[in-house]
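Visitor: File follows, input-v2.pdb with PDB, C-alpha atoms:
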ATOM      1  CA  MET V   1      -3.270   0.289  12.383  1.00  0.00           C
ATOM      2  CA  GLU V   2      -4.849  -0.233  15.797  1.00  0.00           C
ATOM      3  CA  LYS V   3      -7.178   2.614  14.949  1.00  0.00           C
ATOM      4  CA  LEU V   4      -8.578   0.490  12.114  1.00  0.00           C
ATOM      5  CA  THR V   5      -9.574  -2.279  14.479  1.00  0.00           C
ATOM      6  CA  GLY V   6      -9.831  -0.229  17.691  1.00  0.00           C
ATOM      7  CA  LYS V   7     -12.567  -0.041  20.245  1.00  0.00           C
ATOM      8  CA  ASN V   8     -15.863   1.717  19.616  1.00  0.00           C
ATOM      9  CA  MET V   9     -15.162   2.099  15.940  1.00  0.00           C
ATOM     10  CA  THR V  10     -17.214   1.663  12.805  1.00  0.00           C
ATOM     11  CA  MET V  11     -15.298   0.725   9.701  1.00  0.00           C
ATOM     12  CA  THR V  12     -17.111   0.720   6.385  1.00  0.00           C
ATOM     13  CA  TYR V  13     -15.579  -0.832   3.297  1.00  0.00           C
ATOM     14  CA  GLU V  14     -17.479   0.274   0.220  1.00  0.00           C
ATOM     15  CA  PHE V  15     -16.864  -1.316  -3.177  1.00  0.00           C
ATOM     16  CA  ASP V  16     -18.206   0.185  -6.369  1.00  0.00           C
ATOM     17  CA  ASP V  17     -17.849  -2.155  -9.352  1.00  0.00           C
ATOM     18  CA  LEU V  18     -14.337  -3.062  -8.313  1.00  0.00           C
ATOM     19  CA  THR V  19     -13.178  -5.530 -10.941  1.00  0.00           C
ATOM     20  CA  ILE V  20     -10.340  -7.926 -10.284  1.00  0.00           C
ATOM     21  CA  ASP V  21      -8.886  -9.969 -13.089  1.00  0.00           C
ATOM     22  CA  ILE V  22      -7.721 -13.348 -11.804  1.00  0.00           C
ATOM     23  CA  PRO V  23      -5.229 -14.751 -14.303  1.00  0.00           C
ATOM     24  CA  SER V  24      -5.293 -18.375 -15.383  1.00  0.00           C
ATOM     25  CA  ALA V  25      -2.687 -20.650 -13.877  1.00  0.00           C
ATOM     26  CA  ARG V  26      -1.250 -24.148 -14.091  1.00  0.00           C
ATOM     27  CA  GLY V  27      -2.530 -26.475 -11.404  1.00  0.00           C
ATOM     28  CA  PRO V  28      -1.187 -29.835 -10.132  1.00  0.00           C
ATOM     29  CA  GLY V  29      -0.060 -32.125 -12.942  1.00  0.00           C
ATOM     30  CA  GLY V  30       0.105 -29.226 -15.376  1.00  0.00           C
ATOM     31  CA  LYS V  31      -3.681 -28.926 -15.409  1.00  0.00           C
ATOM     32  CA  ASP V  32      -4.875 -25.618 -16.798  1.00  0.00           C
ATOM     33  CA  ILE V  33      -6.916 -23.641 -14.264  1.00  0.00           C
ATOM     34  CA  GLY V  34      -9.015 -21.049 -16.033  1.00  0.00           C
ATOM     35  CA  GLY V  35      -8.915 -17.396 -15.063  1.00  0.00           C
ATOM     36  CA  ALA V  36     -11.831 -15.396 -13.705  1.00  0.00           C
ATOM     37  CA  GLU V  37     -13.138 -11.883 -13.372  1.00  0.00           C
ATOM     38  CA  TRP V  38     -14.356 -10.893  -9.936  1.00  0.00           C
ATOM     39  CA  LYS V  39     -16.691  -7.956  -9.588  1.00  0.00           C
ATOM     40  CA  ILE V  40     -17.198  -6.616  -6.088  1.00  0.00           C
ATOM     41  CA  ASN V  41     -20.112  -4.350  -5.282  1.00  0.00           C
ATOM     42  CA  GLY V  42     -21.508  -3.372  -1.934  1.00  0.00           C
ATOM     43  CA  LYS V  43     -20.692  -2.388   1.569  1.00  0.00           C
ATOM     44  CA  ILE V  44     -19.223  -4.170   4.594  1.00  0.00           C
ATOM     45  CA  THR V  45     -19.553  -2.469   7.953  1.00  0.00           C
ATOM     46  CA  ILE V  46     -17.651  -3.673  10.993  1.00  0.00           C
ATOM     47  CA  THR V  47     -18.522  -2.153  14.348  1.00  0.00           C
ATOM     48  CA  THR V  48     -16.651  -2.755  17.572  1.00  0.00           C
ATOM     49  CA  GLU V  49     -17.749  -1.735  21.049  1.00  0.00           C
ATOM     50  CA  THR V  50     -16.477  -2.160  24.578  1.00  0.00           C
ATOM     51  CA  TYR V  51     -18.534  -3.653  27.384  1.00  0.00           C
ATOM     52  CA  GLN V  52     -18.035  -4.367  31.051  1.00  0.00           C
ATOM     53  CA  LYS V  53     -16.994  -8.014  31.483  1.00  0.00           C
ATOM     54  CA  GLY V  54     -18.870  -9.872  34.207  1.00  0.00           C
ATOM     55  CA  SER V  55     -21.341  -7.060  34.878  1.00  0.00           C
ATOM     56  CA  THR V  56     -24.758  -8.050  36.259  1.00  0.00           C
ATOM     57  CA  SER V  57     -27.995  -6.819  34.745  1.00  0.00           C
TER      58      SER V  57
ATOM     59  CA  MET F   1      19.760   1.748  15.988  1.00  0.00           C
ATOM     60  CA  SER F   2      16.928  -0.243  14.491  1.00  0.00           C
ATOM     61  CA  SER F   3      16.675  -3.911  15.440  1.00  0.00           C
ATOM     62  CA  ALA F   4      14.495  -4.892  12.507  1.00  0.00           C
ATOM     63  CA  PRO F   5      14.812  -8.536  11.533  1.00  0.00           C
ATOM     64  CA  TYR F   6      16.871  -9.418   8.499  1.00  0.00           C
ATOM     65  CA  ILE F   7      14.850  -9.752   5.313  1.00  0.00           C
ATOM     66  CA  PRO F   8      16.628 -11.286   2.349  1.00  0.00           C
ATOM     67  CA  THR F   9      16.739  -9.110  -0.747  1.00  0.00           C
ATOM     68  CA  GLU F  10      14.817 -11.808  -2.644  1.00  0.00           C
ATOM     69  CA  LEU F  11      11.902 -11.502  -0.196  1.00  0.00           C
ATOM     70  CA  GLU F  12      11.888  -7.721  -0.495  1.00  0.00           C
ATOM     71  CA  ASP F  13      11.912  -8.239  -4.249  1.00  0.00           C
ATOM     72  CA  GLU F  14       9.050 -10.750  -4.019  1.00  0.00           C
ATOM     73  CA  ILE F  15       6.858  -8.445  -1.898  1.00  0.00           C
ATOM     74  CA  SER F  16       7.285  -5.520  -4.295  1.00  0.00           C
ATOM     75  CA  PHE F  17       6.649  -7.817  -7.286  1.00  0.00           C
ATOM     76  CA  LEU F  18       3.469  -9.333  -5.792  1.00  0.00           C
ATOM     77  CA  LEU F  19       2.181  -5.923  -4.736  1.00  0.00           C
ATOM     78  CA  ALA F  20       2.662  -4.552  -8.266  1.00  0.00           C
ATOM     79  CA  LYS F  21       1.036  -7.667  -9.794  1.00  0.00           C
ATOM     80  CA  SER F  22      -1.949  -7.337  -7.422  1.00  0.00           C
ATOM     81  CA  LEU F  23      -2.464  -3.745  -8.509  1.00  0.00           C
ATOM     82  CA  LYS F  24      -2.320  -4.872 -12.135  1.00  0.00           C
ATOM     83  CA  SER F  25      -5.143  -7.351 -11.431  1.00  0.00           C
ATOM     84  CA  VAL F  26      -7.512  -4.606 -10.304  1.00  0.00           C
ATOM     85  CA  THR F  27      -8.944  -3.524 -13.636  1.00  0.00           C
ATOM     86  CA  SER F  28     -11.703  -0.994 -12.859  1.00  0.00           C
ATOM     87  CA  GLY F  29     -13.978   0.421 -10.186  1.00  0.00           C
ATOM     88  CA  SER F  30     -13.429   2.102  -6.870  1.00  0.00           C
ATOM     89  CA  PHE F  31     -13.125   1.394  -3.173  1.00  0.00           C
ATOM     90  CA  GLU F  32     -13.734   3.620  -0.184  1.00  0.00           C
ATOM     91  CA  LEU F  33     -12.897   3.146   3.442  1.00  0.00           C
ATOM     92  CA  HIS F  34     -14.848   5.057   6.066  1.00  0.00           C
ATOM     93  CA  ALA F  35     -13.784   5.189   9.687  1.00  0.00           C
ATOM     94  CA  SER F  36     -16.616   6.191  12.025  1.00  0.00           C
ATOM     95  CA  ASP F  37     -18.512   7.651   9.052  1.00  0.00           C
ATOM     96  CA  LYS F  38     -15.533   9.775   8.034  1.00  0.00           C
ATOM     97  CA  PRO F  39     -13.940   8.938   4.663  1.00  0.00           C
ATOM     98  CA  ALA F  40     -10.396   7.696   5.371  1.00  0.00           C
ATOM     99  CA  LEU F  41      -9.204   6.326   2.029  1.00  0.00           C
ATOM    100  CA  LYS F  42     -10.390   6.307  -1.553  1.00  0.00           C
ATOM    101  CA  LEU F  43      -9.016   4.128  -4.324  1.00  0.00           C
ATOM    102  CA  GLU F  44     -10.066   4.612  -7.918  1.00  0.00           C
ATOM    103  CA  VAL F  45      -8.988   2.688 -11.002  1.00  0.00           C
ATOM    104  CA  ILE F  46      -8.872   4.677 -14.227  1.00  0.00           C
ATOM    105  CA  LYS F  47      -8.235   2.925 -17.531  1.00  0.00           C
ATOM    106  CA  ASN F  48      -6.018   4.829 -19.901  1.00  0.00           C
ATOM    107  CA  LYS F  49      -5.206   4.161 -23.526  1.00  0.00           C
ATOM    108  CA  GLY F  50      -4.258   0.591 -24.395  1.00  0.00           C
ATOM    109  CA  LYS F  51      -2.996  -1.558 -21.554  1.00  0.00           C
ATOM    110  CA  ASN F  52      -2.087   1.416 -19.387  1.00  0.00           C
ATOM    111  CA  LYS F  53      -3.922   1.834 -16.143  1.00  0.00           C
ATOM    112  CA  ARG F  54      -3.883   4.484 -13.415  1.00  0.00           C
ATOM    113  CA  ILE F  55      -4.775   3.853  -9.815  1.00  0.00           C
ATOM    114  CA  ASP F  56      -5.444   6.881  -7.632  1.00  0.00           C
ATOM    115  CA  ILE F  57      -5.087   6.388  -3.903  1.00  0.00           C
ATOM    116  CA  ASN F  58      -6.189   9.299  -1.782  1.00  0.00           C
ATOM    117  CA  PHE F  59      -5.364   9.212   1.928  1.00  0.00           C
ATOM    118  CA  LEU F  60      -8.164  11.395   3.275  1.00  0.00           C
ATOM    119  CA  GLU F  61      -7.333  10.571   6.908  1.00  0.00           C
ATOM    120  CA  PRO F  62      -3.676   9.526   6.664  1.00  0.00           C
ATOM    121  CA  GLU F  63      -3.285   9.236  10.447  1.00  0.00           C
ATOM    122  CA  PHE F  64      -5.459   6.095  10.368  1.00  0.00           C
ATOM    123  CA  PHE F  65      -2.766   4.266   8.423  1.00  0.00           C
ATOM    124  CA  ASN F  66      -0.038   5.074  10.859  1.00  0.00           C
ATOM    125  CA  ILE F  67       2.740   2.483  10.983  1.00  0.00           C
ATOM    126  CA  ASP F  68       4.761   2.734  14.175  1.00  0.00           C
ATOM    127  CA  ILE F  69       8.381   2.175  13.243  1.00  0.00           C
ATOM    128  CA  ASN F  70       9.476   2.041  16.872  1.00  0.00           C
ATOM    129  CA  PRO F  71      11.887  -0.922  16.963  1.00  0.00           C
ATOM    130  CA  GLU F  72      10.866  -1.755  20.572  1.00  0.00           C
ATOM    131  CA  GLU F  73       7.601  -3.101  19.213  1.00  0.00           C
ATOM    132  CA  ASP F  74       9.434  -5.868  17.358  1.00  0.00           C
ATOM    133  CA  LYS F  75      10.165  -7.497  20.704  1.00  0.00           C
ATOM    134  CA  VAL F  76       6.478  -8.019  21.482  1.00  0.00           C
ATOM    135  CA  GLY F  77       6.139 -10.857  19.019  1.00  0.00           C
ATOM    136  CA  GLU F  78       6.604 -11.939  15.470  1.00  0.00           C
ATOM    137  CA  LYS F  79       4.384 -10.088  13.013  1.00  0.00           C
ATOM    138  CA  THR F  80       3.546 -11.472   9.636  1.00  0.00           C
ATOM    139  CA  GLY F  81       0.947  -9.007   8.281  1.00  0.00           C
ATOM    140  CA  PHE F  82       1.423  -7.123   5.045  1.00  0.00           C
ATOM    141  CA  PHE F  83       2.158  -3.801   6.760  1.00  0.00           C
ATOM    142  CA  ASP F  84       4.688  -5.504   9.039  1.00  0.00           C
ATOM    143  CA  LYS F  85       6.495  -6.907   5.999  1.00  0.00           C
ATOM    144  CA  LEU F  86       6.377  -3.485   4.372  1.00  0.00           C
ATOM    145  CA  LYS F  87       7.694  -1.873   7.561  1.00  0.00           C
ATOM    146  CA  ASN F  88      10.482  -4.446   7.797  1.00  0.00           C
ATOM    147  CA  ALA F  89      11.425  -3.825   4.178  1.00  0.00           C
ATOM    148  CA  LEU F  90      11.576  -0.092   4.865  1.00  0.00           C
ATOM    149  CA  ASP F  91      13.596  -0.676   8.047  1.00  0.00           C
ATOM    150  CA  LEU F  92      15.998  -2.828   6.113  1.00  0.00           C
ATOM    151  CA  ALA F  93      16.439  -0.117   3.498  1.00  0.00           C
ATOM    152  CA  LYS F  94      17.252   2.324   6.315  1.00  0.00           C
ATOM    153  CA  MET F  95      19.819  -0.039   7.809  1.00  0.00           C
ATOM    154  CA  MET F  96      21.716  -0.467   4.573  1.00  0.00           C
ATOM    155  CA  PRO F  97      25.064   1.253   4.966  1.00  0.00           C
ATOM    156  CA  ASP F  98      25.803   1.513   1.270  1.00  0.00           C
ATOM    157  CA  LYS F  99      24.086   4.389  -0.527  1.00  0.00           C
ATOM    158  CA  GLU F 100      24.033   2.458  -3.780  1.00  0.00           C
ATOM    159  CA  GLU F 101      22.140  -0.388  -2.108  1.00  0.00           C
ATOM    160  CA  LYS F 102      19.742   2.122  -0.576  1.00  0.00           C
ATOM    161  CA  ALA F 103      19.003   3.376  -4.085  1.00  0.00           C
ATOM    162  CA  LEU F 104      17.650  -0.086  -4.871  1.00  0.00           C
ATOM    163  CA  SER F 105      15.332  -0.111  -1.880  1.00  0.00           C
ATOM    164  CA  PHE F 106      11.794  -1.393  -1.755  1.00  0.00           C
ATOM    165  CA  SER F 107      10.011   1.655  -3.185  1.00  0.00           C
ATOM    166  CA  LYS F 108      12.209   1.810  -6.258  1.00  0.00           C
ATOM    167  CA  LYS F 109      11.814  -1.873  -6.980  1.00  0.00           C
ATOM    168  CA  PHE F 110       8.068  -1.534  -6.520  1.00  0.00           C
ATOM    169  CA  ALA F 111       7.992   1.475  -8.866  1.00  0.00           C
ATOM    170  CA  ARG F 112      10.002  -0.459 -11.461  1.00  0.00           C
ATOM    171  CA  TYR F 113       7.556  -3.379 -11.314  1.00  0.00           C
ATOM    172  CA  LEU F 114       4.619  -0.991 -11.707  1.00  0.00           C
ATOM    173  CA  THR F 115       6.186   0.420 -14.888  1.00  0.00           C
ATOM    174  CA  ASP F 116       6.859  -3.104 -16.181  1.00  0.00           C
ATOM    175  CA  ASN F 117       3.161  -3.904 -15.643  1.00  0.00           C
ATOM    176  CA  ASP F 118       1.901  -0.678 -17.316  1.00  0.00           C
ATOM    177  CA  VAL F 119       0.487   0.608 -14.030  1.00  0.00           C
ATOM    178  CA  THR F 120       0.671   4.167 -12.720  1.00  0.00           C
ATOM    179  CA  LEU F 121      -0.051   4.822  -9.061  1.00  0.00           C
ATOM    180  CA  THR F 122      -0.848   8.311  -7.880  1.00  0.00           C
ATOM    181  CA  ILE F 123      -0.831   8.932  -4.151  1.00  0.00           C
ATOM    182  CA  SER F 124      -2.604  11.932  -2.711  1.00  0.00           C
ATOM    183  CA  ARG F 125      -2.923  13.298   0.798  1.00  0.00           C
ATOM    184  CA  LYS F 126      -6.264  14.904   1.613  1.00  0.00           C
ATOM    185  CA  GLY F 127      -6.949  15.390  -2.102  1.00  0.00           C
ATOM    186  CA  LYS F 128      -3.574  16.931  -2.898  1.00  0.00           C
ATOM    187  CA  GLU F 129      -1.350  14.897  -5.199  1.00  0.00           C
ATOM    188  CA  ALA F 130       1.934  13.963  -3.587  1.00  0.00           C
ATOM    189  CA  LEU F 131       3.530  11.249  -5.698  1.00  0.00           C
ATOM    190  CA  THR F 132       3.261   9.531  -9.055  1.00  0.00           C
ATOM    191  CA  ILE F 133       4.856   6.098  -9.232  1.00  0.00           C
ATOM    192  CA  GLY F 134       5.217   3.767 -12.204  1.00  0.00           C
ATOM    193  CA  LYS F 135       4.492   4.045 -15.914  1.00  0.00           C
ATOM    194  CA  GLU F 136       3.447   7.696 -16.211  1.00  0.00           C
ATOM    195  CA  ALA F 137       5.916   9.110 -13.701  1.00  0.00           C
ATOM    196  CA  LYS F 138       7.959  11.865 -15.303  1.00  0.00           C
ATOM    197  CA  PRO F 139      10.647  12.724 -12.824  1.00  0.00           C
ATOM    198  CA  THR F 140      12.702  15.795 -13.550  1.00  0.00           C
ATOM    199  CA  LEU F 141      14.259  17.283 -10.444  1.00  0.00           C
ATOM    200  CA  SER F 142      12.806  14.517  -8.276  1.00  0.00           C
ATOM    201  CA  ARG F 143      15.091  12.048 -10.058  1.00  0.00           C
ATOM    202  CA  LEU F 144      17.942  13.661  -8.136  1.00  0.00           C
ATOM    203  CA  LEU F 145      16.181  12.883  -4.859  1.00  0.00           C
ATOM    204  CA  THR F 146      14.869   9.412  -5.619  1.00  0.00           C
ATOM    205  CA  ARG F 147      17.480   8.223  -8.142  1.00  0.00           C
ATOM    206  CA  SER F 148      14.632   6.508  -9.948  1.00  0.00           C
ATOM    207  CA  GLY F 149      13.011   7.109 -13.295  1.00  0.00           C
ATOM    208  CA  ASP F 150       9.777   5.600 -11.982  1.00  0.00           C
ATOM    209  CA  VAL F 151       9.060   7.900  -9.037  1.00  0.00           C
ATOM    210  CA  GLN F 152       7.891  11.487  -9.511  1.00  0.00           C
ATOM    211  CA  ILE F 153       7.465  13.705  -6.487  1.00  0.00           C
ATOM    212  CA  LYS F 154       4.600  16.039  -7.383  1.00  0.00           C
ATOM    213  CA  SER F 155       4.702  17.904  -4.088  1.00  0.00           C
ATOM    214  CA  THR F 156       7.602  17.630  -1.667  1.00  0.00           C
ATOM    215  CA  LYS F 157       5.429  19.256   1.016  1.00  0.00           C
ATOM    216  CA  GLU F 158       2.598  16.708   0.702  1.00  0.00           C
ATOM    217  CA  THR F 159       5.038  13.791   0.359  1.00  0.00           C
ATOM    218  CA  ALA F 160       6.827  14.826   3.553  1.00  0.00           C
ATOM    219  CA  LYS F 161       3.514  15.237   5.393  1.00  0.00           C
ATOM    220  CA  LEU F 162       2.281  11.852   4.198  1.00  0.00           C
ATOM    221  CA  THR F 163       5.512  10.165   5.309  1.00  0.00           C
ATOM    222  CA  ASP F 164       5.143  11.816   8.718  1.00  0.00           C
ATOM    223  CA  ASP F 165       1.512  10.725   8.980  1.00  0.00           C
ATOM    224  CA  VAL F 166       2.041   7.140   7.912  1.00  0.00           C
ATOM    225  CA  LEU F 167       5.485   6.311   9.284  1.00  0.00           C
ATOM    226  CA  THR F 168       6.065   7.573  12.790  1.00  0.00           C
ATOM    227  CA  GLU F 169       8.742   6.813  15.317  1.00  0.00           C
ATOM    228  CA  GLU F 170       7.623   7.234  18.894  1.00  0.00           C
TER     229      GLU F 170
END
Please render this file's structure as structure tokens.

Guide:
Amino acid sequence: MEKLTGKNMTMTYEFDDLTIDIPSARGPGGKDIGGAEWKINGKITITTETYQKGSTS
Amino acid sequence: MSSAPYIPTELEDEISFLLAKSLKSVTSGSFELHASDKPALKLEVIKNKGKNKRIDINFLEPEFFNIDINPEEDKVGEKTGFFDKLKNALDLAKMMPDKEEKALSFSKKFARYLTDNDVTLTISRKGKEALTIGKEAKPTLSRLLTRSGDVQIKSTKETAKLTDDVLTEE
């Protein structure tokens, strides 16, 4: 798993109309909490890089 | 001998149940993971007839998902991530001395919950189908290996390779 968060890496998470059905539930005091439909579209890119700590420019 | 921490059967049961329920919640679409511009994993949800749903997971770069099952690592500190729980559940299954108890290990419970939720999971390695788990699994000879009616080994070669890629012991 370290490779997923390792140094000098670019991780791209790409979602294409990913639909998640959130079911309704009972909240505090038996209150009805309505369900929802989440639609995820788009791209998240996370880049990590190493650098010399304390280096002077 | 593995020194994996003890996980109560109820917790193992809960993890497999929640994982199956989460997969049921994903109703359509796809997801791709790229590592340094190389595709590493692809997940696609395909709706079948009625309530049935198929989720295809293709490990294009299975080495990226490597879980080190070296027990020495457990001494570094307590881990609470999903993969750590999964690893612990697998370790526990390995530690079980009784073969009958082993037959009820994490993967079989998970497969059972997938069937109960009308979900089929197909797992491929580099585009080659290795396993079918859940509703549409039709085990014939693989039932002898897995002792489960919910796990079908499509390719023993790809399944073995995937296990080697994902679970390694250094």

Visitor: Residues of chain V within 8 Å of chain F, counting all atoms listed in the file, what are they? List them as a list in words.

Guide: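 Filtering chain V at 8 Å from chain F with all atoms listed in the file gives Met1, Lys3, Leu4, Met9, Thr10, Met11, Thr12, Tyr13, Glu14, Phe15, Asp16, Asp17, Leu18, Thr19, Ile20, Asp21, Ile22 and Pro23 of chain V.
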
Visitor: So for region 38-44 of chain V, what box centre and size do we get, axis-aligned, 4 Å extra on each of the six sides, every listed atom, Å to one decimal, as JSON?

Guide:
{"center_x": -17.9, "center_y": -6.6, "center_z": -2.7, "size_x": 15.2, "size_y": 16.5, "size_z": 22.5}

Visitor: One number please: CA of Thr156 (chain F) to CA of Ala20 (chain F), in Å, one decimal.

Guide: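 Calculated distance between CA of Thr156 (chain F) and CA of Ala20 (chain F) is 23.7 Å.
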
Visitor: When you look at Ile33 (chain V) with a cut-off of 12 Å (counting all atoms listed in the file), what residues show up, excluding the ones that are within fewer than 5 positions of it in the same chain? I need them as a PyMOL selection string.

Guide: chain V and resi 22-28

Visitor: Work out how far CA of Asp150 (chain F) is from CA of Arg112 (chain F), in Å to one decimal.

Guide: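 The value is 6.1 Å.
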
Visitor: Which residue gives the smallest distance to Lys161 (chain F) among F:Lys138, F:Lys51, F:Arg143, F:Lys126, with only C-alpha atoms counted?

Guide: F:Lys126

Visitor: One decimal, Å: what's the distance from CA of Gly149 (chain F) over to CA of Ala137 (chain F), could you say?

Guide: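 Taking CA of Gly149 (chain F) and CA of Ala137 (chain F), their separation equals 7.4 Å.
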
Visitor: Need the shell around Leu19 (chain F): protein/DNA/RNA residues with any atom at most 12 Å away, counting all atoms listed in the file. Skip same-chain ones fewer than 3 positions apart. Format as a compact mmCIF listing (two decimals) with C-alpha atoms, in the frame of the given file?

Guide:
# COMPACT_ATOMS: atom_id res chain seq x y z
CA GLU F 12 11.89 -7.72 -0.50
CA ASP F 13 11.91 -8.24 -4.25
CA GLU F 14 9.05 -10.75 -4.02
CA ILE F 15 6.86 -8.44 -1.90
CA SER F 16 7.28 -5.52 -4.30
CA SER F 22 -1.95 -7.34 -7.42
CA LEU F 23 -2.46 -3.74 -8.51
CA LYS F 24 -2.32 -4.87 -12.14
CA SER F 25 -5.14 -7.35 -11.43
CA VAL F 26 -7.51 -4.61 -10.30
CA PHE F 82 1.42 -7.12 5.04
CA PHE F 83 2.16 -3.80 6.76
CA LYS F 85 6.50 -6.91 6.00
CA LEU F 86 6.38 -3.48 4.37
CA PHE F 106 11.79 -1.39 -1.76
CA SER F 107 10.01 1.66 -3.18
CA LYS F 109 11.81 -1.87 -6.98
CA PHE F 110 8.07 -1.53 -6.52
CA ALA F 111 7.99 1.48 -8.87
CA ARG F 112 10.00 -0.46 -11.46
CA TYR F 113 7.56 -3.38 -11.31
CA LEU F 114 4.62 -0.99 -11.71
CA ASN F 117 3.16 -3.90 -15.64
CA VAL F 119 0.49 0.61 -14.03
CA LEU F 121 -0.05 4.82 -9.06

Visitor: Env of Thr115 (chain F): 8 Å cut, atoms = all atoms listed in the file, seq-sep filter 6 positions within chain, self excluded. Answer as an MDAnalysis selection string.

Guide: chainID F and resid 134:136 150

Visitor: Just add N, CA and C atoms to region 34-52 of chain V and send it as a short mmCIF file (atom, residue, chain, number, x, y, z; two decimals), in the frame of the given file.

Guide:
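Written output follows (rebuild16.cif):
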data_model
loop_
_atom_site.label_atom_id
_atom_site.label_comp_id
_atom_site.auth_asym_id
_atom_site.auth_seq_id
_atom_site.Cartn_x
_atom_site.Cartn_y
_atom_site.Cartn_z
N GLY V 34 -8.54 -22.26 -15.34
CA GLY V 34 -9.02 -21.05 -16.03
C GLY V 34 -9.01 -19.81 -15.17
N GLY V 35 -8.89 -18.66 -15.79
CA GLY V 35 -8.91 -17.40 -15.06
C GLY V 35 -10.36 -16.98 -14.75
N ALA V 36 -10.49 -15.88 -14.08
CA ALA V 36 -11.83 -15.40 -13.70
C ALA V 36 -11.83 -13.88 -13.57
N GLU V 37 -13.01 -13.33 -13.63
CA GLU V 37 -13.14 -11.88 -13.37
C GLU V 37 -14.07 -11.71 -12.17
N TRP V 38 -13.55 -11.11 -11.13
CA TRP V 38 -14.36 -10.89 -9.94
C TRP V 38 -14.85 -9.46 -9.96
N LYS V 39 -16.14 -9.30 -9.70
CA LYS V 39 -16.69 -7.96 -9.59
C LYS V 39 -17.24 -7.79 -8.17
N ILE V 40 -16.76 -6.80 -7.47
CA ILE V 40 -17.20 -6.62 -6.09
C ILE V 40 -18.00 -5.32 -5.98
N ASN V 41 -19.21 -5.48 -5.47
CA ASN V 41 -20.11 -4.35 -5.28
C ASN V 41 -20.69 -4.44 -3.88
N GLY V 42 -20.83 -3.34 -3.23
CA GLY V 42 -21.51 -3.37 -1.93
C GLY V 42 -20.69 -2.83 -0.79
N LYS V 43 -21.25 -3.03 0.38
CA LYS V 43 -20.69 -2.39 1.57
C LYS V 43 -20.55 -3.39 2.71
N ILE V 44 -19.42 -3.34 3.40
CA ILE V 44 -19.22 -4.17 4.59
C ILE V 44 -18.97 -3.21 5.75
N THR V 45 -19.76 -3.34 6.79
CA THR V 45 -19.55 -2.47 7.95
C THR V 45 -19.19 -3.32 9.16
N ILE V 46 -18.10 -2.96 9.79
CA ILE V 46 -17.65 -3.67 10.99
C ILE V 46 -17.68 -2.69 12.16
N THR V 47 -18.43 -3.04 13.18
CA THR V 47 -18.52 -2.15 14.35
C THR V 47 -17.97 -2.86 15.57
N THR V 48 -17.16 -2.18 16.33
CA THR V 48 -16.65 -2.76 17.57
C THR V 48 -17.11 -1.89 18.73
N GLU V 49 -17.39 -2.52 19.87
CA GLU V 49 -17.75 -1.74 21.05
C GLU V 49 -17.23 -2.41 22.31
N THR V 50 -16.98 -1.62 23.31
CA THR V 50 -16.48 -2.16 24.58
C THR V 50 -17.66 -2.42 25.51
N TYR V 51 -17.50 -3.39 26.38
CA TYR V 51 -18.53 -3.65 27.38
C TYR V 51 -17.87 -4.14 28.66
N GLN V 52 -18.56 -3.98 29.74
CA GLN V 52 -18.04 -4.37 31.05
C GLN V 52 -18.14 -5.88 31.20
#
